[in-house]
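The block underneath contains the structure these notes are about, expressed in structure tokens.
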Amino acid sequence: MKEPAVSRPLVGVALVIGSTLSLPFGAAVAAQLFPVLGPWGVTSLRVAIAAILLVIIVRPKPRGWNRSQWLAAVLFGVSLAAMNGFFYAAIDRIPLGPAVAIEFLGPLVLAAVLTRRIADAAWVGVALLGMVVLGLDGLIGAEPLDPLGVIFILIAAGFWAMYIRMSARVGALIPGSSGLAMGLLVAAVLLIPVGVPAAATALADPQLLLLAAITAVLSSVIPYSFELAALRRLPQRVFGVLLSLEPAFATLAGWLILGQDATPLRMLAVALVIAASVGTTLAVRRDHRDGGPSSTSGPFTAPIPLPD
């Protein structure tokens, strides 16, 4: 008999790690397009390309969806559009590593709210300490963080938490990747007003179009597909803490692609977030072995109630 997905947590862990590797490298590539297309233009182009690719691959058939499924897909699209737009607007003004650290307050707060065990709260605290260290590095470094950039990334953090909730909702209500494809399509439509000039510029330059396509694959197609699948296998609180790997990979991507220094404080933050991720992974395995809450469906793996 095939083992239920939710009882195979290590597959979910691997999917989250793949997502956290892909996203920051996609953001680093996107940052190189900002001078020509602007952050919102890059967001629109990236989301549109990702939506087209997924619609072609998945071929969703939403005609038979009920009202709850449509509402989930639309709200998912809203979270995708706003989260990505404000994130790119932020990293146009502040370094990638500190930006991801601040944005991570969204899923961290969500994980802290959802957790019901002291051990989970402790690992959230370790991850939060890593975020504080990364943020401190940005504040006391040679270049202070731009205040407007910080505001943008805090807004993105709120929409990231919404994205996690809606991703779980879409995964529970809509089979396969159809919900993701339609969510990206909704986001692409919402971003059309800021995307038309960027699209015209990119279409006239094949190199820009290629970079935009690479950004779409690395920052949308791969991570969102992986995260949607991971949320079918992991409780949301565990998923939220595992995402603590992303600031570590963002620091690495900033260093390799954008030439941003990996200072001792950033390296300390890397160690803290990896410790939190390892601790959470071990907790999932222990719960699975003991038949605990992570190995069965519960309030954090069931569909999230929304108004019908």
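To be explicit about the labels: the chains of the structure tokens are called A, B, and onward in the order shown, and within each one the residues are counted from 1, while ligands get numbers from 1 in the order they are shown.
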
Any chance you could list, as number ranges by chain, the residues in segment 77-220 of chain A that come up alpha helix (DSSP H) when DSSP is run on the backbone?
A: 77-91, 96-103, 105-114, 118-140, 147-173, 178-190, 192-203, 206-216

Closest atom pairs, residues of segment 156-228 of chain A within 10 Å of segment 76-84 of chain A, only C-alpha atoms, as JSON lines:
{"residue": "A:Ala156", "atom": "CA", "partner": "A:Met83", "partner_atom": "CA", "distance": 4.6}
{"residue": "A:Ala157", "atom": "CA", "partner": "A:Met83", "partner_atom": "CA", "distance": 7.3}
{"residue": "A:Gly158", "atom": "CA", "partner": "A:Met83", "partner_atom": "CA", "distance": 7.9}
{"residue": "A:Phe159", "atom": "CA", "partner": "A:Met83", "partner_atom": "CA", "distance": 5.0}
{"residue": "A:Trp160", "atom": "CA", "partner": "A:Met83", "partner_atom": "CA", "distance": 5.8}
{"residue": "A:Ala161", "atom": "CA", "partner": "A:Ser79", "partner_atom": "CA", "distance": 8.8}
{"residue": "A:Met162", "atom": "CA", "partner": "A:Ser79", "partner_atom": "CA", "distance": 6.2}
{"residue": "A:Tyr163", "atom": "CA", "partner": "A:Ser79", "partner_atom": "CA", "distance": 5.2}
{"residue": "A:Ile164", "atom": "CA", "partner": "A:Phe76", "partner_atom": "CA", "distance": 9.0}
{"residue": "A:Arg165", "atom": "CA", "partner": "A:Phe76", "partner_atom": "CA", "distance": 8.7}
{"residue": "A:Met166", "atom": "CA", "partner": "A:Phe76", "partner_atom": "CA", "distance": 5.3}
{"residue": "A:Ser167", "atom": "CA", "partner": "A:Phe76", "partner_atom": "CA", "distance": 6.5}
{"residue": "A:Ala168", "atom": "CA", "partner": "A:Phe76", "partner_atom": "CA", "distance": 9.6}
{"residue": "A:Arg169", "atom": "CA", "partner": "A:Phe76", "partner_atom": "CA", "distance": 8.7}
{"residue": "A:Val170", "atom": "CA", "partner": "A:Phe76", "partner_atom": "CA", "distance": 7.5}
{"residue": "A:Gly179", "atom": "CA", "partner": "A:Phe76", "partner_atom": "CA", "distance": 8.4}
{"residue": "A:Leu180", "atom": "CA", "partner": "A:Phe76", "partner_atom": "CA", "distance": 8.1}
{"residue": "A:Ala181", "atom": "CA", "partner": "A:Gly77", "partner_atom": "CA", "distance": 9.4}
{"residue": "A:Met182", "atom": "CA", "partner": "A:Gly77", "partner_atom": "CA", "distance": 7.6}
{"residue": "A:Gly183", "atom": "CA", "partner": "A:Gly77", "partner_atom": "CA", "distance": 4.1}
{"residue": "A:Leu184", "atom": "CA", "partner": "A:Gly77", "partner_atom": "CA", "distance": 5.7}
{"residue": "A:Leu185", "atom": "CA", "partner": "A:Gly77", "partner_atom": "CA", "distance": 7.3}
{"residue": "A:Val186", "atom": "CA", "partner": "A:Gly77", "partner_atom": "CA", "distance": 5.0}
{"residue": "A:Ala187", "atom": "CA", "partner": "A:Gly77", "partner_atom": "CA", "distance": 4.5}
{"residue": "A:Ala188", "atom": "CA", "partner": "A:Ala81", "partner_atom": "CA", "distance": 7.3}
{"residue": "A:Val189", "atom": "CA", "partner": "A:Gly77", "partner_atom": "CA", "distance": 9.2}
{"residue": "A:Leu190", "atom": "CA", "partner": "A:Ala81", "partner_atom": "CA", "distance": 7.1}
{"residue": "A:Leu191", "atom": "CA", "partner": "A:Ala81", "partner_atom": "CA", "distance": 6.8}
{"residue": "A:Ser219", "atom": "CA", "partner": "A:Asn84", "partner_atom": "CA", "distance": 9.4}
{"residue": "A:Ser220", "atom": "CA", "partner": "A:Leu80", "partner_atom": "CA", "distance": 9.4}
{"residue": "A:Tyr224", "atom": "CA", "partner": "A:Leu80", "partner_atom": "CA", "distance": 9.7}

Please compute the atom CA of Leu128 of chain A-atom CA of Leu218 of chain A distance, one decimal, in Å.
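Answer for the atom CA of Leu128 of chain A to atom CA of Leu218 of chain A separation: 25.8 Å.
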
Nearest residue to Phe87 of chain A out of A:Val126, A:Leu23, A:Val74, A:Ala121, using only C-alpha atoms?
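Answer, going by the shortest atom-to-atom distance: A:Leu23.
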
When distances are computed from only C-alpha atoms, which of A:Ser225, A:Thr43, A:Thr201, A:Thr215 shows the smallest separation from Phe25 of chain A?
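Comparing A:Ser225, A:Thr43, A:Thr201, A:Thr215 against Phe25 of chain A, the winner is A:Thr215.
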
Here is a test: counting only C-alpha atoms, which residue of A:Ala198, A:Thr20, A:Ala28, A:Leu15 is nearest to Trp40 of chain A?
A:Ala198

Among listed residues A:Asn66, A:Ser44, A:Ser22, A:Gln32, nearest Ala199 of chain A (using only C-alpha atoms):
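Selected residue with least distance to Ala199 of chain A: A:Ser44.
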
From the options A:Ala89, A:Leu173, A:Ile214, A:Val16, which residue's atoms come nearest to Gly41 of chain A, counting only C-alpha atoms?
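Using only C-alpha atoms, Gly41 of chain A sits closest to A:Ala89.
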
Minimum-distance residue to Pro247 of chain A, chosen among A:Pro9, A:Gly135, A:Pro193, A:Gly279 (using only C-alpha atoms)
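Once distances to Pro247 of chain A are computed over only C-alpha atoms, the minimum belongs to A:Gly135.
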
Excluding Ser178 of chain A and its own-chain neighbours fewer than 2 positions away, which residues fall within 9 Å of it when counting only C-alpha atoms? Please give them as a list of chain:residue names.
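Once the nearby chain positions are removed, what remains is A:Leu54, A:Val55, A:Val58, A:Arg59, A:Pro60, A:Lys61, A:Pro62, A:Ile174, A:Pro175, A:Gly176, A:Leu180, A:Ala181, A:Met182, A:Gly183.
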
Those residues you just picked out, can you put them in a file as a compact mmCIF listing (two decimals), in the first residue's frame with all heavy atoms?
# COMPACT_ATOMS: atom_id res chain seq x y z
N LEU A 54 3.75 27.16 -16.34
CA LEU A 54 2.98 26.19 -15.54
C LEU A 54 1.63 25.87 -16.17
O LEU A 54 1.17 24.73 -16.11
CB LEU A 54 2.80 26.72 -14.12
CG LEU A 54 3.91 26.36 -13.13
CD1 LEU A 54 3.58 26.89 -11.75
CD2 LEU A 54 4.15 24.87 -13.07
N VAL A 55 0.97 26.86 -16.76
CA VAL A 55 -0.31 26.60 -17.41
C VAL A 55 -0.13 25.62 -18.56
O VAL A 55 -0.94 24.71 -18.77
CB VAL A 55 -0.96 27.91 -17.89
CG1 VAL A 55 -2.13 27.62 -18.83
CG2 VAL A 55 -1.44 28.73 -16.69
N VAL A 58 0.90 22.13 -16.72
CA VAL A 58 -0.13 21.54 -15.85
C VAL A 58 -1.48 21.40 -16.57
O VAL A 58 -2.22 20.45 -16.35
CB VAL A 58 -0.28 22.39 -14.57
CG1 VAL A 58 -1.42 21.85 -13.70
CG2 VAL A 58 1.02 22.40 -13.78
N ARG A 59 -1.79 22.37 -17.43
CA ARG A 59 -3.09 22.41 -18.12
C ARG A 59 -4.25 22.32 -17.12
O ARG A 59 -5.03 21.35 -17.14
CB ARG A 59 -3.19 21.29 -19.15
CG ARG A 59 -2.18 21.40 -20.28
CD ARG A 59 -2.38 20.31 -21.31
NE ARG A 59 -1.40 20.43 -22.39
CZ ARG A 59 -1.34 19.61 -23.43
NH1 ARG A 59 -2.21 18.62 -23.54
NH2 ARG A 59 -0.43 19.78 -24.38
N PRO A 60 -4.38 23.32 -16.25
CA PRO A 60 -5.45 23.28 -15.25
C PRO A 60 -6.83 23.34 -15.90
O PRO A 60 -7.00 23.93 -16.97
CB PRO A 60 -5.18 24.54 -14.41
CG PRO A 60 -4.44 25.46 -15.33
CD PRO A 60 -3.59 24.57 -16.19
N LYS A 61 -7.81 22.74 -15.23
CA LYS A 61 -9.19 22.75 -15.72
C LYS A 61 -10.09 23.27 -14.59
O LYS A 61 -10.73 22.51 -13.87
CB LYS A 61 -9.61 21.35 -16.15
CG LYS A 61 -8.77 20.81 -17.31
CD LYS A 61 -9.18 19.38 -17.67
CE LYS A 61 -8.33 18.86 -18.83
NZ LYS A 61 -8.66 17.46 -19.17
N PRO A 62 -10.12 24.61 -14.44
CA PRO A 62 -10.84 25.19 -13.30
C PRO A 62 -12.35 25.31 -13.49
O PRO A 62 -13.04 25.79 -12.59
CB PRO A 62 -10.21 26.59 -13.19
CG PRO A 62 -9.83 26.93 -14.60
CD PRO A 62 -9.43 25.62 -15.25
N ILE A 174 -7.25 21.81 -3.94
CA ILE A 174 -7.11 21.63 -5.39
C ILE A 174 -6.04 20.58 -5.67
O ILE A 174 -4.88 20.76 -5.30
CB ILE A 174 -6.73 22.97 -6.06
CG1 ILE A 174 -7.78 24.04 -5.72
CG2 ILE A 174 -6.62 22.80 -7.57
CD1 ILE A 174 -7.42 25.43 -6.18
N PRO A 175 -6.38 19.50 -6.34
CA PRO A 175 -5.42 18.42 -6.61
C PRO A 175 -4.29 18.88 -7.52
O PRO A 175 -4.46 19.78 -8.37
CB PRO A 175 -6.27 17.35 -7.29
CG PRO A 175 -7.69 17.69 -6.96
CD PRO A 175 -7.73 19.17 -6.82
N GLY A 176 -3.12 18.23 -7.37
CA GLY A 176 -1.99 18.49 -8.24
C GLY A 176 -1.47 19.91 -8.14
O GLY A 176 -1.52 20.53 -7.08
N LEU A 180 -1.61 26.10 -8.10
CA LEU A 180 -0.43 26.94 -8.25
C LEU A 180 -0.44 27.64 -9.60
O LEU A 180 -0.16 28.84 -9.69
CB LEU A 180 0.83 26.08 -8.11
CG LEU A 180 2.17 26.77 -8.39
CD1 LEU A 180 2.37 27.96 -7.47
CD2 LEU A 180 3.32 25.79 -8.25
N ALA A 181 -0.77 26.90 -10.66
CA ALA A 181 -0.80 27.49 -12.00
C ALA A 181 -1.80 28.64 -12.07
O ALA A 181 -1.51 29.72 -12.60
CB ALA A 181 -1.13 26.43 -13.04
N MET A 182 -3.00 28.43 -11.51
CA MET A 182 -4.02 29.47 -11.56
C MET A 182 -3.67 30.63 -10.63
O MET A 182 -3.97 31.79 -10.93
CB MET A 182 -5.38 28.88 -11.19
CG MET A 182 -5.94 27.90 -12.22
SD MET A 182 -6.08 28.63 -13.87
CE MET A 182 -7.30 29.91 -13.55
N GLY A 183 -3.02 30.33 -9.50
CA GLY A 183 -2.60 31.40 -8.60
C GLY A 183 -1.58 32.31 -9.27
O GLY A 183 -1.66 33.54 -9.16

Do you know which residues are at most 7 Å from Gly12 of chain A counting only C-alpha atoms, after dropping those on the same chain fewer than 4 positions away, and could you put them as a VMD selection string?
chain A and resid 16 230 233 to 234

Show which residues sit within 8 Å of Ala99 of chain A, as a list in words. Count only C-alpha atoms, and ignore same-chain residues fewer than 3 positions away.
Phe87, Ala90, Ile91, Ile94, Pro95, Leu96, Ile102, Glu103, Val150 and Ile153 of chain A

With C-alpha atoms kept, could you save the residues just selected as a PDB file, in the first residue's frame?
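selection.pdb, written as the output of this step:
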ATOM      1  CA  PHE A  87      10.417  41.852  -1.938  1.00  0.00           C
ATOM      2  CA  ALA A  90      13.138  46.038  -1.038  1.00  0.00           C
ATOM      3  CA  ILE A  91      16.230  44.307  -2.450  1.00  0.00           C
ATOM      4  CA  ILE A  94      18.913  46.924   0.795  1.00  0.00           C
ATOM      5  CA  PRO A  95      21.289  43.900   0.540  1.00  0.00           C
ATOM      6  CA  LEU A  96      19.835  40.467  -0.181  1.00  0.00           C
ATOM      7  CA  ILE A 102      13.789  40.711   7.898  1.00  0.00           C
ATOM      8  CA  GLU A 103      11.221  39.169   5.555  1.00  0.00           C
ATOM      9  CA  VAL A 150      12.908  48.034   5.382  1.00  0.00           C
ATOM     10  CA  ILE A 153      10.410  44.074   3.204  1.00  0.00           C
TER      11      ILE A 153
END
